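Asks: One structure coming up, written as structure tokens, with questions to follow.
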Amino acid sequence: GRIALAGELLGRPYSVMAPVVRGAGRGAALGVPTVNLALDPRKQMPPDGIYACFAEVRDRWLPAAVHWGGRPTFGESAPMLEAHLVGFDASLYGERVEVAFLERLRDVRAFADAASLTRAMREDIRLATAVVESRFALQTGEGG
């Protein structure tokens with residue numbers, strides 16, 4: 001479950017690549033659109049949680065806040081990888097997206113209502129973006 005350490009030991013972040021499939025549309029309805037990846041069930045995945053990631057989309061790397069696991073707020077236990085791609089809002093259905101895991105931010109948990117979930121998602125996006133930006137600055141020597 002120590003995804004940052006796994007990346008150090010691998011010499012690169014652990015990543016998965018899969019096609020984008022249709023989800024229930026809840027993220028978009030909440031103002032936080034996501035892409036859902038159809039992962040091979042045999043793929044080894046990190047523990048359920050919310051992660052700071054990079055996502056490769058159409059030859060661009062973008063910060064991403066990723067939810068991996070069940071969706072207890074909606075009574076769904078089947079795991080799904082849902083990624084909010086920061087600064088990207090176009091259809092990717094059928095295209096392959098790679099997600100590289102940088103840091104685990106928190107556990108998956110149920111929320112009492114849509115407003116609470118939306119607030120948590122926005123905070124996850126803020127934290128994930130900060131992690132990605134800090135790692136990028138460290139790797140390139142840029143930043144203050």
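Chain labels A, B, ... are given in the sequence in which chains occur in the structure tokens; within each chain residues are numbered consecutively from 1, and ligands are likewise numbered from 1 in the order shown.
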When DSSP works through the backbone of this structure, what residues of chain A end up as strand (DSSP E or B), shown as number ranges by chain?

Replies: A: 15-21, 35-37, 49-57, 60-71, 76-85, 96-106

Asks: Residues of range 14-47 of chain A that approach range 89-100 of chain A to 12 Å or less, counting only C-alpha atoms: could you list each one with the shortest pair of atoms and its distance in Å to one decimal, rows by chain and increasing residue number, as a Markdown table?

Replies:
| residue | atom | partner | partner_atom | distance |
| --- | --- | --- | --- | --- |
| A:Tyr14 | CA | A:Ala100 | CA | 5.6 |
| A:Ser15 | CA | A:Ala100 | CA | 4.0 |
| A:Val16 | CA | A:Val99 | CA | 5.4 |
| A:Met17 | CA | A:Glu98 | CA | 4.1 |
| A:Ala18 | CA | A:Arg96 | CA | 5.1 |
| A:Pro19 | CA | A:Arg96 | CA | 4.1 |
| A:Val20 | CA | A:Tyr93 | CA | 4.9 |
| A:Val21 | CA | A:Tyr93 | CA | 5.5 |
| A:Arg22 | CA | A:Tyr93 | CA | 6.9 |
| A:Gly23 | CA | A:Tyr93 | CA | 10.2 |
| A:Ala28 | CA | A:Asp89 | CA | 10.0 |
| A:Gly31 | CA | A:Asp89 | CA | 11.1 |
| A:Val32 | CA | A:Asp89 | CA | 9.8 |
| A:Pro33 | CA | A:Asp89 | CA | 7.5 |
| A:Thr34 | CA | A:Asp89 | CA | 8.8 |
| A:Val35 | CA | A:Leu92 | CA | 7.5 |
| A:Asn36 | CA | A:Tyr93 | CA | 8.9 |
| A:Leu37 | CA | A:Val97 | CA | 7.7 |
| A:Ala38 | CA | A:Arg96 | CA | 9.5 |
| A:Leu39 | CA | A:Arg96 | CA | 10.7 |
| A:Met45 | CA | A:Ala100 | CA | 11.5 |
| A:Pro46 | CA | A:Ala100 | CA | 11.5 |

Asks: Keeping only C-alpha atoms, write the selected residues to a file as an mmCIF file, in the first residue's frame.

Replies:
data_model
loop_
_atom_site.group_PDB
_atom_site.id
_atom_site.type_symbol
_atom_site.label_atom_id
_atom_site.label_comp_id
_atom_site.auth_asym_id
_atom_site.auth_seq_id
_atom_site.Cartn_x
_atom_site.Cartn_y
_atom_site.Cartn_z
ATOM 1 C CA TYR A 14 3.543 2.219 -10.791
ATOM 2 C CA SER A 15 1.083 2.649 -13.662
ATOM 3 C CA VAL A 16 -1.865 1.039 -15.407
ATOM 4 C CA MET A 17 -3.187 1.537 -18.924
ATOM 5 C CA ALA A 18 -6.701 0.713 -20.088
ATOM 6 C CA PRO A 19 -9.489 1.906 -22.374
ATOM 7 C CA VAL A 20 -11.972 4.518 -21.196
ATOM 8 C CA VAL A 21 -15.517 3.224 -20.734
ATOM 9 C CA ARG A 22 -18.816 4.857 -19.843
ATOM 10 C CA GLY A 23 -19.610 5.212 -16.181
ATOM 11 C CA ALA A 28 -19.995 15.073 -14.396
ATOM 12 C CA GLY A 31 -19.287 19.165 -11.666
ATOM 13 C CA VAL A 32 -16.213 16.925 -11.420
ATOM 14 C CA PRO A 33 -16.072 14.839 -14.619
ATOM 15 C CA THR A 34 -14.060 11.629 -14.548
ATOM 16 C CA VAL A 35 -12.873 8.990 -16.972
ATOM 17 C CA ASN A 36 -13.512 5.361 -16.024
ATOM 18 C CA LEU A 37 -10.916 2.777 -17.012
ATOM 19 C CA ALA A 38 -11.830 -0.829 -17.856
ATOM 20 C CA LEU A 39 -8.997 -2.604 -16.063
ATOM 21 C CA MET A 45 -3.685 -2.791 -8.055
ATOM 22 C CA PRO A 46 -2.810 -0.753 -4.980
#

Asks: Where does range 37-78 of chain A meet range 111-119 of chain A within 10 Å, residue by residue, with the nearest atom pair and distance in Å to one decimal for each, counting only C-alpha atoms, listed by chain and rising number, as CSV?

Replies:
residue,atom,partner,partner_atom,distance
A:Arg71,CA,A:Phe111,CA,9.8
A:Pro72,CA,A:Phe111,CA,7.9
A:Thr73,CA,A:Phe111,CA,5.4
A:Phe74,CA,A:Phe111,CA,9.0

Asks: Would you please work out which residue, of A:Ala4, A:Ala55, A:Ala83, A:Leu10, is nearest to His67 in chain A when using only C-alpha atoms?

Replies: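 Of all the options, A:Ala83 lies closest to His67 in chain A.
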